[in-house]
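Since the structure comes first, as C-alpha cells, the remarks are kept for the end.
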Amino acid sequence: MKWSRLVLAAVVLGGFASVASAGSTWILWSEYMKFDITPAGEVGELTAHLWEIENAFETRAQCLGETEKYIAEMESLHKGRKGVDFARDEIAGRKRVHVQSGTQKEIYSAVCLPETVDPREKK
C-alpha cells in the first residue's frame with residue numbers, strides 16, 4: 001500500500017514539473033560587441049559590450065523564429081554602405097552577424113534562453 005502511494009506521488013509530482021517547464025517563458029536576448037581593428041588588421045580591444053532583452057515568447061520555437069529576423073534587421077542597418085564587410089555564423093545556438101568597416105568590427109548576436117537564465121556577467 002505504501003509503495004503505491006509513493007509511486008502515485010512521484011507520478012503526480014513529475015507531471016507538475018513537466019507542466020512548469022513546458023509553460024516557461026523564452027527570452028530573445030541580443031548581444032552587441034564592438035572591437036577596434038589593429039593596424040595589422042586583427043581584432044583588438046573590446047570597446048563596447050551590451051546585452052538587451054528584445055522580446056519574450058511562450059515557446060522556444062517562436063523565439064527561435066525571431067532570431068533570424070533580428071539578425072537580418074541588424075545586417076540591413078549597414079547594407080549599402082561602402083567598405084562594409086558582412087559575415088554570418090551560428091555558434092552554440094547563437095546566430096551572429098559580423099560587420100566590419102575601417103578600423104571597427106561589430107558583432108550582433110541573438111539567442112533564446114529560458115526566463116531563468118541571464119547571460120550577462122555577474123557583477
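By convention here, the chains of the C-alpha cells are called A, B, ... in the order presented, each chain's residues are numbered starting at 1, and ligands are numbered starting at 1 in the order presented.
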
Task: Long-range neighbours of region 67-71 of chain A as a count of residues only, 8 Å cut-off, only C-alpha atoms, 4 positions minimum in chain - done: 11

Open item on the list: From a backbone DSSP assignment, name each residue in region 6-110 of chain A labelled strand (DSSP E or B), as a ChimeraX atom specification.
Closed with: /A:26-37,43-57,84-91,94-101,104-110

Determine, counting only C-alpha atoms, which protein, DNA and RNA residues have an atom within 12 Å of an atom of Glu121 (chain A); residues of the same chain fewer than 6 positions away are not included. Present the result as a PDB file with C-alpha atoms, in the first residue's frame.
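Dumped everything to part_33.pdb:
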ATOM      1  CA  HIS A  49      29.571  45.244 -24.858  1.00  0.00           C
ATOM      2  CA  LEU A  50      25.819  45.268 -24.242  1.00  0.00           C
ATOM      3  CA  TRP A  51      23.103  42.665 -23.602  1.00  0.00           C
TER       4      TRP A  51
END

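Between CA of Asn55 (chain A) and CA of Ile91 (chain A) the interatomic distance comes to 20.7 Å.
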
- [ ] Point out the residue among A:Thr59, A:Thr47, A:Thr116, A:Ser30 with the least atom-to-atom distance to Arg94 (chain A), counting only C-alpha atoms.
- [x] A:Ser30

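The closest residue to Arg120 (chain A), picked from A:Phe35, A:Phe86, A:Phe57, A:Trp29 and counting only C-alpha atoms, is A:Trp29.
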
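Proximity of A:Ala72, A:Ala61, A:Glu31, A:Asp85 to Asp118 (chain A), computed with only C-alpha atoms, is greatest for A:Glu31.
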
Open item on the list: as a count of residues only, please: the residues near Ala48 (chain A) (cut-off 10 Å, only C-alpha atoms, same-chain neighbours under 5 positions excluded).
Closed with: 6
